[in-house]
$ cat start.txt   # compact mmCIF, C-alpha atoms
# COMPACT_ATOMS: atom_id res chain seq x y z
CA MET A 290 -7.43 38.95 -12.60
CA SER A 291 -7.66 37.40 -9.14
CA TYR A 292 -5.85 34.31 -10.35
CA LEU A 293 -3.09 36.32 -12.00
CA PHE A 294 -2.76 38.48 -8.90
CA VAL A 295 -1.94 35.53 -6.63
CA VAL A 296 0.67 33.96 -8.93
CA GLU A 297 3.70 35.19 -10.82
CA SER A 298 2.35 34.06 -14.19
CA ALA A 299 0.06 31.44 -15.66
CA ASP A 300 -0.65 30.15 -19.11
CA PHE A 301 -3.92 30.16 -21.04
CA VAL A 302 -4.67 26.50 -20.31
CA PHE A 303 -4.17 26.88 -16.55
CA LEU A 304 -6.39 29.96 -16.36
CA LYS A 305 -9.10 28.27 -18.41
CA ASN A 306 -9.03 25.19 -16.17
CA GLN A 307 -9.06 27.16 -12.93
CA THR A 308 -11.68 29.72 -13.87
CA ASN A 309 -13.93 27.42 -15.94
CA LEU A 310 -14.35 30.22 -18.43
CA THR A 311 -14.50 29.47 -22.13
CA ALA A 312 -11.50 30.06 -24.36
CA GLY A 313 -13.35 32.95 -26.00
CA ASN A 314 -14.09 34.61 -22.66
CA ILE A 315 -10.51 34.41 -21.53
CA SER A 316 -9.21 35.68 -24.86
CA SER A 317 -11.50 38.68 -24.89
CA HIS A 318 -10.78 39.53 -21.23
CA MET A 319 -7.05 39.25 -21.69
CA THR A 320 -7.11 41.31 -24.85
CA LYS A 321 -8.84 44.16 -23.01
CA LEU A 322 -6.49 43.87 -20.03
CA GLU A 323 -3.48 43.83 -22.32
CA ASP A 324 -4.75 46.90 -24.18
CA ALA A 325 -5.13 48.66 -20.81
CA GLY A 326 -1.55 47.76 -19.93
CA TYR A 327 -2.59 45.55 -17.00
CA VAL A 328 -1.44 42.23 -18.41
CA LYS A 329 1.65 41.23 -20.34
CA VAL A 330 1.16 38.43 -22.85
CA THR A 331 4.03 36.22 -23.99
CA LYS A 332 3.54 33.67 -26.74
CA SER A 333 5.98 30.83 -27.34
CA PHE A 334 6.21 27.17 -28.31
CA VAL A 335 6.92 24.41 -25.81
CA GLN A 336 7.49 20.91 -27.23
CA LYS A 337 5.90 22.09 -30.49
CA ARG A 338 2.75 23.24 -28.66
CA PRO A 339 1.83 26.93 -28.53
CA GLN A 340 1.92 28.44 -25.05
CA THR A 341 0.51 31.80 -24.07
CA MET A 342 1.68 33.10 -20.71
CA PHE A 343 -0.05 35.92 -18.87
CA ARG A 344 1.49 38.07 -16.18
CA LEU A 345 0.08 41.09 -14.37
CA THR A 346 2.12 44.22 -14.93
CA ALA A 347 2.95 46.55 -12.05
CA LYS A 348 0.18 48.83 -13.35
CA GLY A 349 -2.20 45.88 -13.38
CA ARG A 350 -1.35 44.94 -9.79
CA ARG A 351 -1.91 48.51 -8.62
CA ALA A 352 -5.21 48.66 -10.48
CA PHE A 353 -6.35 45.37 -8.95
CA GLU A 354 -5.36 46.49 -5.45
CA LYS A 355 -7.35 49.69 -5.96
CA TYR A 356 -10.32 47.67 -7.22
CA ARG A 357 -10.10 45.42 -4.14
CA ILE A 358 -10.16 48.38 -1.78
CA VAL A 359 -13.10 50.02 -3.55
CA LEU A 360 -15.05 46.75 -3.60
CA SER A 361 -14.30 45.97 0.05
CA ASP A 362 -15.44 49.47 1.08
CA ALA A 363 -18.62 49.12 -0.95
CA LEU A 364 -19.41 45.68 0.48
CA SER A 365 -18.64 46.66 4.08
CA GLY A 366 -21.25 49.42 3.83
CA LEU A 367 -24.03 46.94 3.01
CA PRO A 368 -26.40 45.76 5.76
CA GLU A 369 -26.14 42.15 6.96
CA CYS A 370 -28.59 39.65 5.44
CA GLU A 371 -31.36 38.47 7.79
CA MET B 206 -18.04 34.95 -7.78
CA LYS B 207 -14.72 34.78 -5.94
CA THR B 208 -14.28 37.34 -3.26
CA VAL B 209 -11.28 39.62 -3.64
CA ASP B 210 -10.59 40.14 0.05
CA ALA B 211 -7.34 38.82 1.53
CA SER B 212 -8.80 35.50 2.63
CA GLY B 213 -10.47 34.98 -0.73
CA LEU B 214 -7.23 35.60 -2.57
CA GLU B 215 -5.45 33.26 -0.19
CA GLN B 216 -8.04 30.61 -0.99
CA ILE B 217 -7.55 31.11 -4.72
CA GLU B 218 -3.78 30.79 -4.38
CA LYS B 219 -4.12 27.68 -2.23
CA GLN B 220 -6.54 26.16 -4.75
CA ALA B 221 -4.17 26.91 -7.61
CA TYR B 222 -1.30 25.37 -5.65
CA GLN B 223 -3.22 22.21 -4.79
CA ALA B 224 -4.30 21.83 -8.41
CA ILE B 225 -0.72 21.07 -9.42
CA TRP B 226 -0.75 17.97 -7.23
CA GLU B 227 -4.01 16.65 -8.67
CA ASP B 228 -2.28 14.48 -11.24
CA GLY B 229 -1.30 11.82 -8.70
CA LEU B 230 2.16 11.54 -10.20
CA ILE B 231 3.90 12.24 -6.89
CA ASP B 232 1.90 9.39 -5.35
CA ILE B 233 2.86 7.00 -8.15
CA PHE B 234 6.55 7.80 -7.88
CA VAL B 235 6.64 7.75 -4.08
CA GLY B 236 4.79 4.45 -4.21
CA LEU B 237 7.20 3.03 -6.78
CA ALA B 238 10.14 4.12 -4.63
CA LEU B 239 8.67 2.51 -1.51
CA PHE B 240 7.73 -0.69 -3.34
CA LEU B 241 11.09 -1.09 -5.05
CA MET B 242 13.02 -0.23 -1.88
CA GLY B 243 11.07 -2.91 -0.05
CA VAL B 244 11.47 -5.54 -2.77
CA ILE B 245 15.19 -4.87 -3.21
CA TRP B 246 15.78 -4.94 0.51
CA VAL B 247 13.86 -8.19 1.01
CA SER B 248 15.44 -9.94 -1.97
CA GLN B 249 19.00 -8.62 -1.65
CA ASP B 250 19.08 -7.86 2.09
CA SER B 251 21.04 -4.73 1.28
CA ALA B 252 20.50 -1.01 1.45
CA TYR B 253 20.88 -0.48 -2.32
CA GLY B 254 17.17 0.22 -2.50
CA SER B 255 17.88 3.59 -0.88
CA PHE B 256 19.13 4.77 -4.29
CA VAL B 257 15.74 4.19 -5.91
CA ALA B 258 14.21 7.52 -4.88
CA PRO B 259 16.95 9.77 -6.32
CA ILE B 260 16.97 7.67 -9.51
CA LEU B 261 13.19 8.01 -9.94
CA LEU B 262 13.06 11.75 -9.27
CA PRO B 263 14.07 12.88 -12.82
CA PHE B 264 11.37 10.63 -14.26
CA TRP B 265 8.80 12.40 -12.11
CA THR B 266 9.77 15.80 -13.49
CA VAL B 267 9.67 14.47 -17.07
CA ALA B 268 6.24 12.91 -16.45
CA ARG B 269 4.93 16.25 -15.18
CA LYS B 270 6.20 18.02 -18.28
CA ARG B 271 4.83 15.42 -20.68
CA ILE B 272 1.55 14.41 -19.01
CA SER B 273 0.41 17.11 -16.58
CA GLU B 274 1.48 20.43 -18.01
CA PRO B 275 -0.06 20.02 -21.49
CA ARG B 276 -3.40 19.22 -19.81
CA MET B 277 -3.52 21.41 -16.74
CA GLY B 278 -1.39 24.24 -17.95
CA VAL B 279 1.59 25.99 -16.50
CA VAL B 280 1.66 28.26 -13.48
CA ASN B 281 4.57 30.05 -11.85
CA PHE B 282 3.94 30.96 -8.26
CA SER B 283 5.18 34.02 -6.48
CA ALA B 284 8.77 34.20 -5.29
CA GLU B 285 7.55 33.98 -1.68
CA ARG B 286 5.60 30.79 -2.34
CA VAL B 287 8.51 29.24 -4.27
CA ALA B 288 10.95 30.07 -1.47
CA MET B 289 8.57 28.63 1.12
CA GLU B 290 8.05 25.42 -0.86
CA ASN B 291 11.78 25.03 -1.48
CA ARG B 292 12.43 25.36 2.26
CA LYS B 293 9.78 22.74 2.98
CA LEU B 294 11.16 20.40 0.32
CA ARG B 295 14.74 20.75 1.54
CA GLY B 296 13.66 20.13 5.11
CA LEU B 297 11.61 17.11 4.09
CA LEU B 298 14.33 15.61 1.92
CA LEU B 299 16.85 16.02 4.68
CA PHE B 300 14.49 14.57 7.27
CA GLY B 301 13.49 11.69 5.01
CA VAL B 302 17.07 10.79 4.16
CA LEU B 303 18.15 11.06 7.79
CA THR B 304 15.30 8.93 9.08
CA LEU B 305 15.85 6.30 6.43
CA VAL B 306 19.58 6.21 7.04
CA ILE B 307 19.08 6.02 10.82
CA GLY B 308 16.56 3.24 10.45
CA VAL B 309 18.60 1.20 8.01
CA VAL B 310 21.89 1.68 9.86
CA TRP B 311 20.23 0.84 13.17
CA TYR B 312 18.86 -2.34 11.64
CA PHE B 313 22.21 -3.48 10.25
CA LEU B 314 24.04 -2.56 13.44
CA GLY B 315 21.42 -4.40 15.41
CA GLN B 316 22.21 -7.53 13.43
CA ARG B 317 25.69 -7.48 14.96
CA GLY B 318 24.33 -7.39 18.50
CA GLY B 319 25.36 -5.02 21.26
CA PHE B 320 23.60 -1.75 22.07
CA PHE B 321 21.62 -1.59 18.81
CA ALA B 322 20.38 -5.15 19.05
CA VAL B 323 16.85 -5.64 20.18
CA PRO B 324 15.74 -8.86 21.83
CA ARG B 325 14.23 -11.14 19.21
CA ALA B 326 11.05 -11.28 21.24
CA THR B 327 10.21 -7.65 20.33
CA ASN B 328 11.99 -7.00 16.97
CA ILE B 329 10.85 -3.42 17.19
CA VAL B 330 13.90 -2.21 15.34
CA ALA B 331 12.79 -4.18 12.26
CA GLY B 332 9.81 -1.87 11.99
CA LEU B 333 11.85 1.27 12.54
CA PRO B 334 12.69 2.23 8.92
CA ALA B 335 9.07 2.13 7.77
CA ALA B 336 7.83 3.78 10.94
CA LEU B 337 10.34 6.59 10.53
CA LEU B 338 9.28 7.12 6.89
CA ALA B 339 5.73 7.64 8.10
CA VAL B 340 6.89 10.86 9.77
CA PRO B 341 7.87 12.69 6.55
CA ALA B 342 4.63 11.42 5.00
CA ILE B 343 2.70 13.14 7.79
CA ILE B 344 4.80 16.27 7.34
CA VAL B 345 4.03 16.27 3.59
CA GLY B 346 0.35 16.02 4.43
CA PHE B 347 0.51 19.10 6.64
CA ALA B 348 3.07 21.12 4.71
CA PHE B 349 1.61 20.66 1.22
CA GLY B 350 -2.02 20.16 2.15
CA LEU B 351 -2.03 16.65 0.69
CA GLU B 352 -4.28 14.88 3.17
CA ARG B 353 -3.99 11.54 1.41
CA PHE B 354 -0.41 11.35 2.70
CA PHE B 355 -1.83 10.89 6.20
CA ILE B 356 -3.38 7.66 4.96
CA TYR B 357 -0.08 6.54 3.42
CA ALA B 358 1.61 7.25 6.75
CA ALA B 359 -1.05 5.22 8.57
CA VAL B 360 -0.52 2.27 6.23
CA LEU B 361 3.24 2.43 6.75
CA LEU B 362 2.73 2.38 10.51
CA ILE B 363 0.20 -0.45 10.36
CA SER B 364 2.56 -2.45 8.13
CA VAL B 365 5.14 -2.35 10.92
CA VAL B 366 2.88 -4.48 13.16
CA PRO B 367 3.09 -7.79 11.26
CA VAL B 368 6.82 -7.22 10.62
CA VAL B 369 7.42 -6.91 14.35
CA LEU B 370 4.98 -9.58 15.52
CA LEU B 371 5.81 -12.17 12.86
CA ASP B 372 9.54 -11.45 12.80
CA LEU B 373 9.46 -10.60 9.09
CA HIS B 374 12.19 -8.89 7.10
CA PRO B 375 11.85 -5.10 7.60
CA GLY B 376 11.65 -4.52 3.84
CA TRP B 377 8.16 -6.04 3.84
CA ALA B 378 6.84 -3.01 5.75
CA PHE B 379 7.51 -0.78 2.74
CA ILE B 380 5.56 -2.83 0.27
CA PRO B 381 1.87 -2.31 1.30
CA GLY B 382 2.41 1.45 1.55
CA GLY B 383 4.10 1.42 -1.84
CA VAL B 384 1.26 -0.52 -3.45
CA LEU B 385 -1.35 1.79 -1.93
CA CYS B 386 0.46 4.91 -3.14
CA ILE B 387 0.77 3.51 -6.67
CA ALA B 388 -2.90 2.50 -6.76
CA ALA B 389 -4.11 5.81 -5.34
CA GLY B 390 -1.83 7.75 -7.64
CA GLY B 391 -3.01 5.75 -10.64
CA ARG B 392 -6.62 6.48 -9.79
CA LEU B 393 -5.87 10.18 -9.38
CA LEU B 394 -4.03 10.20 -12.71
CA MET B 395 -6.97 8.59 -14.53
CA ARG B 396 -9.32 11.14 -12.99
CA PHE B 397 -6.91 13.93 -13.90
CA ILE B 398 -6.67 12.79 -17.53
CA ARG B 399 -10.48 12.62 -17.80
CA LYS B 400 -10.88 16.03 -16.15
CA TYR B 401 -8.23 17.72 -18.30
CA PRO B 402 -8.29 16.14 -21.75
CA LEU B 403 -5.79 17.40 -24.28
CA GLY B 404 -7.03 20.13 -26.54
CA LYS B 405 -9.98 21.02 -24.24

$ encode --input "start.txt" --output "structure tokens"
Amino acid sequence: MSYLFVVESADFVFLKNQTNLTAGNISSHMTKLEDAGYVKVTKSFVQKRPQTMFRLTAKGRRAFEKYRIVLSDALSGLPECE
Amino acid sequence: MKTVDASGLEQIEKQAYQAIWEDGLIDIFVGLALFLMGVIWVSQDSAYGSFVAPILLPFWTVARKRISEPRMGVVNFSAERVAMENRKLRGLLLFGVLTLVIGVVWYFLGQRGGFFAVPRATNIVAGLPAALLAVPAIIVGFAFGLERFFIYAAVLLISVVPVVLLDLHPGWAFIPGGVLCIAAGGRLLMRFIRKYPLGK
């Protein structure tokens, strides 16, 4: 979700290349995020090739922001490594 | 695991942005433009080579659509990033065109003598067009985070030296930089194609 948070939208191929996740991993993640209403998926054809675009919804952006805050608070409470 | 703090997200966005320049196509087309401008200027002794860059630009966008996007994928950046990049591009284009025009016009006016003429002993003005083009190359390096453009700028500046010292035609100063850009861009493109094969 970090990658989708920092851009307007990205397609399946771009996300796979940037995250180094497998196609199956991305598919299953995006399916869950779409079911939760966090990601909007748009499928189309470009030059006869299928293209799947992902975009965070407003709900998804709010959820990610909340996750960031919770994670930052949790990490800031940890002691420094020696 | 990527951090999700502000600086981590900034790093991710920067990485995503720099990835779109990995294909080396901008280097190939800039190099072609420089090389052809130099060759046309030397052979025709005219400024018609200045039209090369705007003619090549549509081919660059087609190449990105046909070669890069099917392999690397498609990304649309935020409206803020797009606006910022458009401002940078407009500024660069304007600066590049202005510097090239100033350099070329100065050279041709200098041929007629008078204020713009430079004593033959120095011939500094012959190196001016290429030297001025080095400036937008440096700006591209800073503005778009493409450090290899600093090297292209250095080659352009170094190419001015033999033009000035040996009293060569100013068009020759464009050619080494053009060749280097094409070669570097070609190498990047080969690496890009290996890294992002079709159907991966």

$ residues_near_point --input "start.txt" --point "(12.6, 0.2, 13.3)" --cutoff "9 Å" --atoms "all atoms listed in the file" --output "PyMOL selection string"
chain B and resi 308-309+311-312+328-337+365+369+375

$ closest_residue --input "start.txt" --among "B:Lys219, B:Arg269, B:Arg295, B:Arg396" --to "chain A" --atoms "all atoms listed in the file"
B:Lys219

$ interface_residues --input "start.txt" --of "chain A" --to "chain B" --cutoff "10 Å" --atoms "all atoms listed in the file" --output "PyMOL selection string"
chain A and resi 290-308+311-312+335-336+338+340-344+353-354+356-358+360-361

$ residues_around --input "start.txt" --residues "Gly391 (chain B)" --least-positions-apart "4" --cutoff "9 Å" --atoms "all atoms listed in the file" --output "list in words"
Asp228, Gly229, Leu230, Asp232, Ile233, Cys386, Ile387, Met395 and Arg396 of chain B

$ closest_residue --input "start.txt" --among "B:Ala342, B:Val366, B:Ile231, B:Met242" --to "Ser273 (chain B)" --atoms "all atoms listed in the file"
B:Ile231

$ build_atoms --input "start.txt" --residues "region 318-346 of chain A" --atoms "N, CA and C atoms" --output "CSV table (one decimal), keeping the file's coordinate frame"
chain,number,residue,atom,x,y,z
A,318,HIS,N,-11.2,38.8,-22.5
A,318,HIS,CA,-10.8,39.5,-21.2
A,318,HIS,C,-9.3,39.9,-21.3
A,319,MET,N,-8.5,39.0,-21.7
A,319,MET,CA,-7.0,39.2,-21.7
A,319,MET,C,-6.7,40.3,-22.7
A,320,THR,N,-7.4,40.3,-23.8
A,320,THR,CA,-7.1,41.3,-24.8
A,320,THR,C,-7.4,42.7,-24.3
A,321,LYS,N,-8.5,42.8,-23.6
A,321,LYS,CA,-8.8,44.2,-23.0
A,321,LYS,C,-7.8,44.6,-21.9
A,322,LEU,N,-7.4,43.6,-21.1
A,322,LEU,CA,-6.5,43.9,-20.0
A,322,LEU,C,-5.1,44.2,-20.6
A,323,GLU,N,-4.8,43.5,-21.7
A,323,GLU,CA,-3.5,43.8,-22.3
A,323,GLU,C,-3.5,45.2,-22.9
A,324,ASP,N,-4.6,45.6,-23.6
A,324,ASP,CA,-4.8,46.9,-24.2
A,324,ASP,C,-4.7,48.0,-23.1
A,325,ALA,N,-5.2,47.7,-21.9
A,325,ALA,CA,-5.1,48.7,-20.8
A,325,ALA,C,-3.8,48.7,-20.1
A,326,GLY,N,-2.9,47.8,-20.5
A,326,GLY,CA,-1.6,47.8,-19.9
A,326,GLY,C,-1.5,47.0,-18.6
A,327,TYR,N,-2.5,46.2,-18.3
A,327,TYR,CA,-2.6,45.6,-17.0
A,327,TYR,C,-2.0,44.2,-17.1
A,328,VAL,N,-1.9,43.6,-18.3
A,328,VAL,CA,-1.4,42.2,-18.4
A,328,VAL,C,-0.4,42.2,-19.5
A,329,LYS,N,0.6,41.4,-19.3
A,329,LYS,CA,1.6,41.2,-20.3
A,329,LYS,C,1.4,39.8,-20.9
A,330,VAL,N,1.4,39.7,-22.2
A,330,VAL,CA,1.2,38.4,-22.8
A,330,VAL,C,2.4,38.0,-23.6
A,331,THR,N,2.8,36.7,-23.3
A,331,THR,CA,4.0,36.2,-24.0
A,331,THR,C,3.6,34.9,-24.7
A,332,LYS,N,3.9,34.9,-26.0
A,332,LYS,CA,3.5,33.7,-26.7
A,332,LYS,C,4.8,32.9,-27.1
A,333,SER,N,4.8,31.6,-27.0
A,333,SER,CA,6.0,30.8,-27.3
A,333,SER,C,5.5,29.4,-27.7
A,334,PHE,N,6.5,28.6,-28.0
A,334,PHE,CA,6.2,27.2,-28.3
A,334,PHE,C,7.0,26.3,-27.3
A,335,VAL,N,6.3,25.3,-26.7
A,335,VAL,CA,6.9,24.4,-25.8
A,335,VAL,C,6.6,23.0,-26.3
A,336,GLN,N,7.7,22.3,-26.6
A,336,GLN,CA,7.5,20.9,-27.2
A,336,GLN,C,6.5,21.0,-28.4
A,337,LYS,N,6.7,21.9,-29.3
A,337,LYS,CA,5.9,22.1,-30.5
A,337,LYS,C,4.4,22.5,-30.2
A,338,ARG,N,4.1,22.8,-29.0
A,338,ARG,CA,2.8,23.2,-28.7
A,338,ARG,C,2.8,24.7,-28.3
A,339,PRO,N,1.8,25.5,-28.8
A,339,PRO,CA,1.8,26.9,-28.5
A,339,PRO,C,1.5,27.2,-27.0
A,340,GLN,N,2.2,28.1,-26.5
A,340,GLN,CA,1.9,28.4,-25.0
A,340,GLN,C,1.8,29.9,-24.9
A,341,THR,N,0.7,30.4,-24.3
A,341,THR,CA,0.5,31.8,-24.1
A,341,THR,C,0.5,32.1,-22.6
A,342,MET,N,1.5,32.8,-22.1
A,342,MET,CA,1.7,33.1,-20.7
A,342,MET,C,1.2,34.5,-20.4
A,343,PHE,N,0.5,34.6,-19.3
A,343,PHE,CA,0.0,35.9,-18.9
A,343,PHE,C,0.6,36.3,-17.5
A,344,ARG,N,0.9,37.6,-17.4
A,344,ARG,CA,1.5,38.1,-16.2
A,344,ARG,C,0.9,39.5,-15.9
A,345,LEU,N,0.5,39.7,-14.7
A,345,LEU,CA,0.1,41.1,-14.4
A,345,LEU,C,1.3,42.0,-14.4
A,346,THR,N,1.1,43.2,-15.0
A,346,THR,CA,2.1,44.2,-14.9
A,346,THR,C,2.0,44.9,-13.6
